[in-house]
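Okay, my_file_7.cif is below, mmCIF, C-alpha atoms:
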```cif
data_data
loop_
_atom_site.label_atom_id
_atom_site.label_comp_id
_atom_site.auth_asym_id
_atom_site.auth_seq_id
_atom_site.Cartn_x
_atom_site.Cartn_y
_atom_site.Cartn_z
CA MET Z 7 14.37 32.94 4.52
CA ARG Z 8 13.63 29.92 6.72
CA THR Z 9 16.66 28.17 5.22
CA LEU Z 10 18.86 31.17 6.00
CA THR Z 11 17.50 31.30 9.54
CA LYS Z 12 18.31 27.63 10.09
CA LYS Z 13 21.85 28.18 8.81
CA ILE Z 14 22.35 31.14 11.14
CA ILE Z 15 21.13 29.01 14.06
CA THR Z 16 23.58 26.28 13.03
CA LEU Z 17 26.44 28.80 12.88
CA THR Z 18 25.50 30.14 16.32
CA ALA Z 19 25.53 26.60 17.73
CA ILE Z 20 29.03 26.01 16.32
CA LEU Z 21 30.39 29.20 17.83
CA LEU Z 22 28.74 28.50 21.19
CA GLY Z 23 30.28 25.05 21.10
CA LEU Z 24 33.74 26.55 20.60
CA VAL Z 25 33.15 28.92 23.52
CA GLY Z 26 31.98 25.99 25.64
CA LEU Z 27 35.15 24.06 24.88
CA SER Z 28 37.31 27.00 25.94
CA LYS Z 29 35.49 27.14 29.27
CA LEU Z 30 36.19 23.51 30.07
CA SER Z 31 39.80 24.31 30.88
CA THR Z 32 38.78 26.89 33.51
CA GLN Z 33 36.32 24.82 35.51
CA THR Z 34 36.93 24.67 39.23
CA VAL Z 35 38.20 21.33 40.52
CA LYS Z 36 37.27 19.85 43.87
CA ALA Z 37 39.85 18.82 46.43
CA ASP Z 38 40.69 15.13 46.80
CA THR Z 39 39.05 13.95 50.01
CA THR Z 40 40.47 10.42 50.10
CA TRP Z 41 43.31 11.58 52.36
CA ASP Z 42 42.32 13.42 55.52
CA GLN Z 43 45.93 14.45 56.26
CA PRO Z 44 49.31 14.67 54.51
CA VAL Z 45 51.71 11.81 55.27
CA LEU Z 46 55.30 12.32 56.44
CA THR Z 47 57.68 9.40 55.85
CA LEU Z 48 60.80 9.22 58.02
CA GLY Z 49 63.87 7.09 57.31
CA THR Z 50 64.51 4.74 60.19
CA SER Z 51 68.28 5.41 60.18
CA LEU Z 52 67.95 9.06 61.18
CA THR Z 53 69.37 10.08 64.54
CA ASP Z 54 67.06 11.93 66.91
CA SER Z 55 68.61 15.23 65.88
CA GLN Z 56 68.34 14.39 62.16
CA LYS Z 57 64.77 13.25 62.65
CA GLN Z 58 63.79 16.60 64.16
CA GLY Z 59 65.63 18.44 61.41
CA THR Z 60 63.88 16.39 58.75
CA ILE Z 61 60.47 16.98 60.29
CA SER Z 62 61.12 20.73 60.48
CA THR Z 63 62.31 20.85 56.86
CA LEU Z 64 59.35 18.96 55.43
CA THR Z 65 56.51 20.32 57.59
CA ALA Z 66 57.50 23.91 56.85
CA LYS Z 67 55.42 23.39 53.69
CA LEU Z 68 52.28 22.68 55.74
CA ASN Z 69 52.02 26.03 57.53
CA GLY Z 70 51.05 24.39 60.79
CA ALA Z 71 48.58 21.84 59.38
CA SER Z 72 48.43 18.41 61.02
CA TYR Z 73 49.92 15.30 59.40
CA LYS Z 74 50.47 11.57 59.84
CA THR Z 75 53.90 10.00 60.25
CA ILE Z 76 55.12 6.59 59.08
CA THR Z 77 58.58 5.05 59.32
CA VAL Z 78 60.42 3.66 56.30
CA ASP Z 79 62.98 0.91 56.96
CA GLY Z 80 64.85 -1.78 55.06
CA SER Z 81 61.74 -3.95 54.87
CA THR Z 82 59.91 -1.12 53.09
CA LEU Z 83 62.70 -0.92 50.50
CA VAL Z 84 62.61 -4.68 49.97
CA LYS Z 85 58.83 -4.69 49.59
CA TYR Z 86 58.50 -1.89 47.06
CA LEU Z 87 61.84 -1.61 45.27
CA ASN Z 88 63.34 -5.10 45.08
CA PRO Z 89 60.72 -6.59 42.71
CA SER Z 90 62.21 -4.44 39.93
CA GLY Z 91 65.74 -5.68 40.54
CA SER Z 92 67.05 -3.63 43.47
CA THR Z 93 69.06 -5.54 46.06
CA PHE Z 94 68.06 -3.94 49.34
CA THR Z 95 67.90 -6.05 52.50
CA THR Z 96 65.83 -5.69 55.65
CA SER Z 97 68.87 -4.20 57.35
CA SER Z 98 69.45 -1.53 54.66
CA GLY Z 99 69.61 1.99 56.03
CA VAL Z 100 67.09 4.69 55.12
CA TRP Z 101 67.73 8.42 55.48
CA SER Z 102 65.81 10.15 52.67
CA SER Z 103 62.32 11.15 53.70
CA ALA Z 104 59.22 12.61 52.08
CA LEU Z 105 56.01 14.50 52.65
CA ILE Z 106 53.04 13.58 50.46
CA GLN Z 107 50.13 16.01 50.28
CA LYS Z 108 47.13 15.19 48.10
CA THR Z 109 45.90 18.12 46.02
CA ALA Z 110 42.87 19.06 43.92
CA SER Z 111 41.79 16.64 41.23
CA GLY Z 112 43.46 17.54 37.96
CA SER Z 113 46.28 19.54 39.55
CA GLY Z 114 48.98 17.02 38.61
CA ILE Z 115 52.12 15.78 40.35
CA ASN Z 116 54.54 18.33 41.77
CA VAL Z 117 57.88 17.32 43.31
CA GLU Z 118 60.30 19.56 45.17
CA ILE Z 119 63.61 18.47 46.67
CA LEU Z 120 64.22 20.53 49.81
CA ASN Z 121 67.64 21.46 51.11
CA TYR Z 122 68.58 20.11 54.54
CA ASN Z 123 70.57 22.73 56.45
CA GLY Z 124 71.31 24.46 53.17
CA SER Z 125 72.40 21.37 51.21
CA ASN Z 126 70.64 19.23 48.62
CA ASN Z 127 71.56 15.76 49.88
CA ILE Z 128 69.62 13.78 47.25
CA THR Z 129 72.59 12.76 45.12
CA THR Z 130 71.06 10.68 42.33
CA ILE Z 131 67.33 11.11 41.76
CA THR Z 132 66.15 14.44 40.35
CA ALA Z 133 62.77 16.06 40.95
CA ASP Z 134 61.73 15.36 37.36
CA GLN Z 135 62.70 11.68 37.73
CA TYR Z 136 60.55 11.47 40.87
CA LYS Z 137 57.65 12.99 38.90
CA ASN Z 138 57.87 10.50 36.05
CA ALA Z 139 58.27 7.53 38.39
CA ALA Z 140 55.31 8.66 40.50
CA LEU Z 141 53.15 8.91 37.38
CA THR Z 142 54.09 5.40 36.24
CA ALA Z 143 53.42 4.00 39.71
CA GLY Z 144 49.88 5.40 39.66
CA VAL Z 145 50.28 8.49 41.82
CA THR Z 146 47.91 11.33 40.89
CA ASP Z 147 47.45 14.92 42.01
CA ALA Z 148 49.96 15.35 44.81
CA ASN Z 149 52.64 17.62 46.16
CA ILE Z 150 55.68 15.53 47.08
CA TYR Z 151 58.52 17.07 49.08
CA VAL Z 152 61.78 15.17 49.52
CA THR Z 153 64.83 15.74 51.71
CA SER Z 154 67.68 13.89 53.40
CA ALA Z 155 69.86 14.67 56.41
CA THR Z 156 72.84 12.95 54.75
CA PRO Z 157 73.95 12.54 51.11
CA ILE Z 158 72.02 9.58 49.66
CA ASP Z 159 70.47 8.51 46.34
CA GLY Z 160 66.85 9.14 47.45
CA SER Z 161 65.37 5.64 47.07
CA GLY Z 162 64.06 5.67 50.64
CA ALA Z 163 61.89 8.69 49.91
CA LEU Z 164 60.44 6.98 46.84
CA ALA Z 165 59.60 3.84 48.82
CA GLY Z 166 58.04 6.13 51.40
CA VAL Z 167 55.71 7.59 48.79
CA TYR Z 168 54.49 4.11 47.88
CA ALA Z 169 54.09 3.17 51.55
CA ALA Z 170 52.13 6.36 52.23
CA TYR Z 171 49.58 5.41 49.58
CA ALA Z 172 49.19 1.95 51.08
CA GLU Z 173 48.76 3.54 54.53
CA ASN Z 174 45.81 5.52 53.19
CA GLY Z 175 44.11 2.55 51.57
CA ASN Z 176 45.31 3.44 48.06
CA ALA Z 177 47.89 0.70 47.56
CA LEU Z 178 49.53 1.05 44.16
CA ASN Z 179 49.73 -1.74 41.59
CA GLN Z 180 53.00 -3.63 42.12
CA LYS Z 181 53.63 -4.05 38.37
CA GLN Z 182 53.42 -0.29 37.96
CA VAL Z 183 55.63 0.29 41.00
CA SER Z 184 58.22 -2.07 39.55
CA ALA Z 185 58.02 -0.28 36.19
CA ALA Z 186 58.46 3.03 38.02
CA GLN Z 187 61.58 1.76 39.76
CA GLU Z 188 62.98 0.54 36.42
CA GLU Z 189 62.20 3.97 35.01
CA MET Z 190 64.07 5.68 37.84
CA SER Z 191 67.12 3.50 37.25
CA THR Z 192 67.05 3.94 33.46
CA LEU Z 193 66.58 7.71 33.39
CA SER Z 194 69.07 8.41 36.17
CA GLY Z 195 71.63 6.23 34.37
CA ILE Z 196 71.13 8.06 31.07
CA SER Z 197 71.32 11.46 32.75
CA ASP Z 198 74.48 10.50 34.61
CA ALA Z 199 76.11 9.32 31.38
CA ASN Z 200 75.27 12.58 29.56
CA LYS Z 201 75.49 15.16 32.35
CA ASN Z 202 78.61 16.85 30.95
CA LYS Z 203 77.50 16.93 27.31
CA ASP Z 204 76.54 20.16 25.58
CA GLY Z 205 72.87 20.38 24.65
CA TYR Z 206 71.72 17.88 27.28
CA SER Z 207 69.78 18.29 30.50
CA ASP Z 208 67.80 15.97 32.73
CA ALA Z 209 64.77 18.20 32.15
CA GLN Z 210 64.88 17.56 28.39
CA LEU Z 211 65.04 13.80 28.87
CA ASN Z 212 62.22 13.70 31.40
CA ASN Z 213 60.07 16.04 29.32
CA ALA Z 214 60.56 13.73 26.33
CA VAL Z 215 59.52 10.71 28.41
CA ALA Z 216 56.50 12.48 29.93
CA ASN Z 217 55.26 13.55 26.51
CA ALA Z 218 55.91 10.06 25.14
CA LYS Z 219 53.69 8.66 27.89
CA LYS Z 220 50.99 11.17 26.98
CA GLU Z 221 51.10 10.10 23.32
CA MET Z 222 51.06 6.44 24.31
CA ALA Z 223 47.95 7.01 26.42
CA GLU Z 224 46.24 8.67 23.47
CA LYS Z 225 46.83 5.55 21.36
CA GLY Z 226 45.76 3.16 24.12
CA SER Z 227 47.16 0.15 25.94
CA ASN Z 228 47.49 -1.91 22.73
CA ILE Z 229 50.02 0.50 21.23
CA SER Z 230 52.67 -1.36 19.21
CA VAL Z 231 56.43 -1.32 19.76
CA GLY Z 232 56.76 0.33 16.34
CA ASP Z 233 54.50 3.18 17.39
CA ILE Z 234 56.41 3.56 20.66
CA THR Z 235 59.67 3.73 18.71
CA THR Z 236 58.27 6.46 16.47
CA ILE Z 237 57.05 8.43 19.47
CA VAL Z 238 60.44 8.18 21.18
CA ASN Z 239 62.28 9.37 18.04
CA ASN Z 240 59.91 12.34 17.69
CA GLN Z 241 60.14 13.33 21.35
CA LEU Z 242 63.93 13.14 21.44
CA THR Z 243 63.93 15.42 18.38
CA ASN Z 244 61.36 17.79 19.88
CA ASN Z 245 63.50 18.10 22.99
CA GLY Z 246 66.73 18.65 21.09
CA ILE Z 247 68.61 15.59 22.35
CA GLN Z 248 68.31 13.27 19.35
CA ASN Z 249 72.00 13.75 18.59
CA VAL Z 250 73.10 13.41 22.22
CA ILE Z 251 71.31 10.21 23.22
CA THR Z 252 73.12 7.11 21.94
CA ASN Z 253 71.30 4.37 20.06
CA ASN Z 254 71.71 2.10 23.07
CA GLN Z 255 70.20 4.71 25.39
CA LYS Z 256 67.33 5.27 22.98
CA GLN Z 257 66.66 1.55 22.99
CA GLN Z 258 66.66 1.60 26.79
CA ILE Z 259 63.95 4.29 26.70
CA ILE Z 260 61.90 2.27 24.19
CA ASN Z 261 62.22 -0.88 26.31
CA LEU Z 262 61.22 1.11 29.40
CA LEU Z 263 58.08 2.47 27.73
CA VAL Z 264 57.14 -1.03 26.59
CA THR Z 265 57.45 -2.14 30.23
CA ILE Z 266 55.23 0.76 31.29
CA ARG Z 267 52.68 -0.26 28.66
CA ASP Z 268 52.72 -3.86 29.89
CA SER Z 269 52.36 -2.76 33.53
CA GLY Z 270 48.81 -1.55 32.90
CA ALA Z 271 49.64 2.09 33.62
CA LEU Z 272 47.98 3.26 30.39
CA ASN Z 273 44.64 1.87 31.56
CA SER Z 274 44.22 4.76 33.99
CA ASP Z 275 41.75 7.39 32.79
CA SER Z 276 43.89 10.17 34.25
CA PHE Z 277 47.29 8.96 32.98
CA LYS Z 278 47.32 11.18 29.87
CA GLU Z 279 46.27 14.27 31.82
CA GLN Z 280 48.83 13.67 34.56
CA ALA Z 281 51.60 13.10 31.99
CA SER Z 282 50.68 16.31 30.18
CA LYS Z 283 50.79 18.29 33.43
CA ILE Z 284 54.20 16.84 34.32
CA ALA Z 285 55.58 17.87 30.92
CA SER Z 286 54.16 21.37 31.37
CA ASN Z 287 55.59 21.56 34.89
CA ILE Z 288 59.04 20.48 33.70
CA LYS Z 289 59.01 23.15 30.98
CA THR Z 290 57.94 25.85 33.42
CA ASN Z 291 60.68 24.97 35.88
CA ALA Z 292 63.36 24.90 33.17
CA GLN Z 293 62.03 27.61 30.86
CA GLY Z 294 65.48 28.89 29.97
CA ILE Z 295 66.44 25.51 28.55
CA PHE Z 296 63.27 25.07 26.53
CA ASP Z 297 63.32 28.62 25.17
CA LYS Z 298 66.42 27.57 23.24
CA LEU Z 299 64.69 24.56 21.67
CA ASN Z 300 63.44 26.11 18.45
CA THR Z 301 63.83 23.07 16.23
CA GLN Z 302 62.49 22.87 12.69
CA GLU Z 303 60.08 20.15 13.76
CA ASN Z 304 58.66 22.30 16.54
CA ARG Z 305 58.16 25.16 14.08
CA ASN Z 306 56.48 22.80 11.62
CA THR Z 307 54.14 21.50 14.29
CA LEU Z 308 53.07 24.99 15.33
CA GLN Z 309 52.69 25.98 11.69
CA LYS Z 310 50.44 22.98 11.04
CA ILE Z 311 48.23 23.91 14.00
CA GLY Z 312 48.05 27.53 12.84
CA ASP Z 313 47.26 26.47 9.27
CA ALA Z 314 44.52 24.13 10.46
CA LEU Z 315 42.86 26.87 12.53
CA GLY Z 316 43.23 29.37 9.69
CA ASN Z 317 41.68 26.97 7.18
CA PHE Z 318 38.80 26.22 9.54
CA PHE Z 319 37.81 29.84 10.05
CA LYS Z 320 38.34 30.68 6.36
CA SER Z 321 36.03 27.82 5.41
CA LEU Z 322 33.50 28.99 7.97
CA PHE Z 323 33.65 32.56 6.65
CA ASP Z 324 33.28 31.43 3.04
CA THR Z 325 30.27 29.31 3.95
CA VAL Z 326 28.52 32.15 5.76
CA SER Z 327 29.27 34.56 2.88
CA SER Z 328 27.74 32.14 0.41
CA TRP Z 329 24.50 32.04 2.40
CA PHE Z 330 23.99 35.80 2.08
CA ASN Z 331 25.03 35.90 -1.57
CA LYS Z 332 22.30 33.49 -2.67
#
```
Once you've parsed the file, please lay out its structure as structure tokens.
Amino acid sequence: MRTLTKKIITLTAILLGLVGLSKLSTQTVKADTTWDQPVLTLGTSLTDSQKQGTISTLTAKLNGASYKTITVDGSTLVKYLNPSGSTFTTSSGVWSSALIQKTASGSGINVEILNYNGSNNITTITADQYKNAALTAGVTDANIYVTSATPIDGSGALAGVYAAYAENGNALNQKQVSAAQEEMSTLSGISDANKNKDGYSDAQLNNAVANAKKEMAEKGSNISVGDITTIVNNQLTNNGIQNVITNNQKQQIINLLVTIRDSGALNSDSFKEQASKIASNIKTNAQGIFDKLNTQENRNTLQKIGDALGNFFKSLFDTVSSWFNK
């Protein structure tokens, strides 16, 4: 009887452990207190009228809350973007602007491109590309809003994000910033080359890259190029673009992820979590696209998970039954 009692106690502990694990995902997170106010970055090339329009567009998200303002000029572009190969000068113009608002720990990176007077004037960089670049650069848990008074690629807003972190004493690692800028260039180039192809979307590419980063973080900073290659192949397949992306473009993605590995980005404790949240956010915002991705590999993965859970509970049931049959 004592033996049976001990086994029942053991079973109870297992079940309580499973309940405890399920509760971890619902714990309340505390707000990030390292920033006392959101930061608004303004391109120095804006006219007075455009400046007021930009401020109105971005601060509408704050519902009257106070904020800091910094100016982004050609020198800012040179400082943060040129180390990765950009060719800005101190006299380069800046129109795209951003608002960076720190959020609760564990909430992830959210990016929204806001229309200026009814038009999306960010011509090159997509919201998902901003998300992935911010993650690589070391940004965590933030709402980032971007707009421009005139049609422009959006680099000024990205440099503004980096400058805002430095302004708040959270200067980002330059190797990661350079990797992020390379990422922006690589992904925007691939998306531009494939934008008119059936079965392709920027969301699929950026979801593949975000999930690849997550898998890389799980393996650690010493992950091999071979493992990265395998991860890229799997993620392109999972996202349904394995037959759209060319071999050269796939190699560009692999080279990019190797650069991200070498930048030290994977050393961050929160990198995997942030990457996972970005992937989830991308899927939510483009649900119609991902609903169509019912690949055989995805079905196999879900089946394996279901089989594993089924086998676990069957084994548990058989074990308990054997205790009472003795």
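Using all atoms listed in the file, the contacts of Ser113 in chain Z at a cut-off of 9 Å, with sequence neighbours closer than 3 positions omitted, comprise Val35, Thr109, Ala110, Asn116, Thr146, Asp147, Ala148, Gln280 and Lys283 of chain Z.
Considering only C-alpha atoms, the residue among Z:Leu164, Z:Ala281, Z:Ile260, Z:Ala271 positioned nearest to Gly114 in chain Z is Z:Ala281.
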Which residues of range 76-157 of chain Z come within 7 Å of range 44-62 of chain Z, and for each one, what is the closest pair of atoms and their distance in Å to one decimal, counting only C-alpha atoms, sorted by chain and residue number, as a Markdown table?
```
| residue | atom | partner | partner_atom | distance |
| --- | --- | --- | --- | --- |
| Z:Ile76 | CA | Z:Thr47 | CA | 5.0 |
| Z:Thr77 | CA | Z:Leu48 | CA | 4.9 |
| Z:Val78 | CA | Z:Gly49 | CA | 5.0 |
| Z:Asp79 | CA | Z:Thr50 | CA | 5.2 |
| Z:Gly99 | CA | Z:Ser51 | CA | 5.5 |
| Z:Val100 | CA | Z:Gly49 | CA | 4.6 |
| Z:Trp101 | CA | Z:Gly49 | CA | 4.5 |
| Z:Ser102 | CA | Z:Gly49 | CA | 5.9 |
| Z:Ser103 | CA | Z:Leu48 | CA | 5.0 |
| Z:Ala104 | CA | Z:Thr47 | CA | 5.2 |
| Z:Leu105 | CA | Z:Leu46 | CA | 4.4 |
| Z:Ile106 | CA | Z:Val45 | CA | 5.3 |
| Z:Gln107 | CA | Z:Pro44 | CA | 4.5 |
| Z:Lys108 | CA | Z:Pro44 | CA | 6.8 |
| Z:Ala155 | CA | Z:Gln56 | CA | 6.0 |
```
Long-range neighbours of Met190 in chain Z as a PyMOL selection string, 7 Å cut-off, all atoms listed in the file, 3 positions minimum in chain: chain Z and resi 135+139+186-187+193-194
Result set, the PyMOL selection byres ((chain Z and resi 273) around 12) on current file, as number ranges by chain: Z: 142, 144, 179, 182, 219, 222-229, 266-272, 274-278
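Proximity ranking of Z:Gly162, Z:Ser184, Z:Val167, Z:Ile251 relative to Ser197 in chain Z places Z:Ile251 first, based on all atoms listed in the file.
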CA of Ile284 in chain Z to CA of Asp134 in chain Z, straight-line distance in Å: 8.3 Å
Two-atom distance - CA of Leu64 in chain Z, CA of Asn174 in chain Z (Å): 19.2 Å
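When all atoms listed in the file are used to compute distances to Ala165 in chain Z, the closest of the residues Z:Ser230, Z:Asn123, Z:Asn149, Z:Ser81 turns out to be Z:Ser81.
Residue neighbourhood of Ser92 in chain Z, excluding near-sequence residues (fewer than 4 positions): Z:Gly80, Z:Leu83, Z:Val84, Z:Lys85, Z:Tyr86, Z:Leu87, Z:Asn88, Z:Ser98, Z:Ser161, Z:Ala165, Z:Ser184, Z:Gln187, Z:Glu188, Z:Met190, Z:Ser191, at 12 Å, using all atoms listed in the file.
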Between CA of Ala143 in chain Z and CA of Tyr168 in chain Z - distance in Å to one decimal: 8.2 Å
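Proximity ranking of Z:Asp159, Z:Glu279, Z:Asp297, Z:Asp208 relative to Ser111 in chain Z places Z:Glu279 first, based on only C-alpha atoms.
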Selection result of the PyMOL selection byres ((chain Z and resi 157) around 8) on this file, as a PyMOL selection string: chain Z and resi 126-129+154-156+158-159
Minimum-distance residue to Ala285 in chain Z, chosen among Z:Asn239, Z:Thr132, Z:Gln210, Z:Asn217 (using only C-alpha atoms): Z:Asn217
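Here the question is which of Z:Val231, Z:Ile131, Z:Ala71, Z:Ala172 gets nearest to Glu118 in chain Z using only C-alpha atoms, and that residue is Z:Ile131.
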Residues selected by the PyMOL selection byres ((chain Z and resi 256) around 12), written as number ranges by chain: Z: 192-193, 196, 211, 214-215, 234-243, 247-255, 257-263
Work out where the centre of an axis-aligned box around every listed atom of range 48-59 of chain Z lies and how long its edges are once 6 Å is added on each side; give both in Å to one decimal as lines of an AutoDock Vina configuration file.
```
center_x = 65.1
center_y = 11.6
center_z = 62.1
size_x = 20.6
size_y = 25.7
size_z = 21.6
```
